[in-house]
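Visitor: Before I ask anything, let me first share the structure, which is written out below as structure tokens.
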Amino acid sequence: MRRIAVLLFFVATWSWVIPTGWAHGSAGPSGQPTGGSLFSDFNNDGFADLAIGVRGEDVGTVPGAGAVNVLYGSAGGLQATSPDDQFWNQDSPGVRDTAEAGDDFGYSLGAGDKE
């Protein structure tokens, strides 16, 4: 059910996306948007992927811990099946800290390329 809400959010806000591939909103000091969504090529397949911050998401019984949902792009646009979308929170393997009430994980997103 949560993924459906995230997908509906994406569809409702698609028209706000700037043609260069960045989500709308003010840019932070690094030039990255400070809002709750971000386009980038996270899996290096040549197609834009979308990370969506779901800052008020409940994680298990922890209210408002927050999460990030990543939808991967393809030749046909964004999709959630192959590769499967990813849903991360602070209780996910490899993510620092633990989910706590009101953490708002995913409130602000940024991306970089270490290459």
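Within each chain, counting starts at residue 1; across the structure tokens, chains are named A, B, ... in the order shown, with ligands numbered 1 upward in that order.
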For Asp49 (chain A), find every residue with an atom within 12 Å (counting only C-alpha atoms), except residues of its own chain fewer than 6 positions away, and show them as a PyMOL selection string.
Guide: chain A and resi 21-23+37-43+69-75+77-80+83-86+111
Visitor: Find the residues around Gly102 (chain A) up to 7 Å (only C-alpha atoms counted), leave out those fewer than 2 positions away in its own chain, and share them as a list in words.
Guide: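 Near neighbours after the sequence-gap exclusion: Pro63, Gly64, Ala65, Glu100 and Asp104 of chain A.
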Visitor: Report the distance between CA of Val68 (chain A) and CA of Gly106 (chain A) in Å, rounded to one decimal place.
Guide: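 Here the two named atoms are 5.3 Å from each other.
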Visitor: Identify which of the residues A:Ala67, A:Val59, A:Gly46, A:Val54 lies closest to Asn89 (chain A), counting only C-alpha atoms when measuring atom-to-atom distances.
Guide: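 Smallest separation from Asn89 (chain A) among the options: A:Ala67.
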Visitor: Just checking: using only C-alpha atoms, which residue out of A:Asp45, A:Gly110, A:Phe87, A:Thr81 ends up closest to Gly66 (chain A)?
Guide: A:Phe87
Visitor: Between CA of Ser108 (chain A) and CA of Arg55 (chain A), what is the spacing in Å?
Guide: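 Separating CA of Arg55 (chain A) from CA of Ser108 (chain A) is a distance of 8.4 Å.
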Visitor: Please compute the CA of Tyr107 (chain A)-CA of Gly56 (chain A) distance, one decimal, in Å.
Guide: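 CA of Gly56 (chain A) lies 8.4 Å from CA of Tyr107 (chain A).
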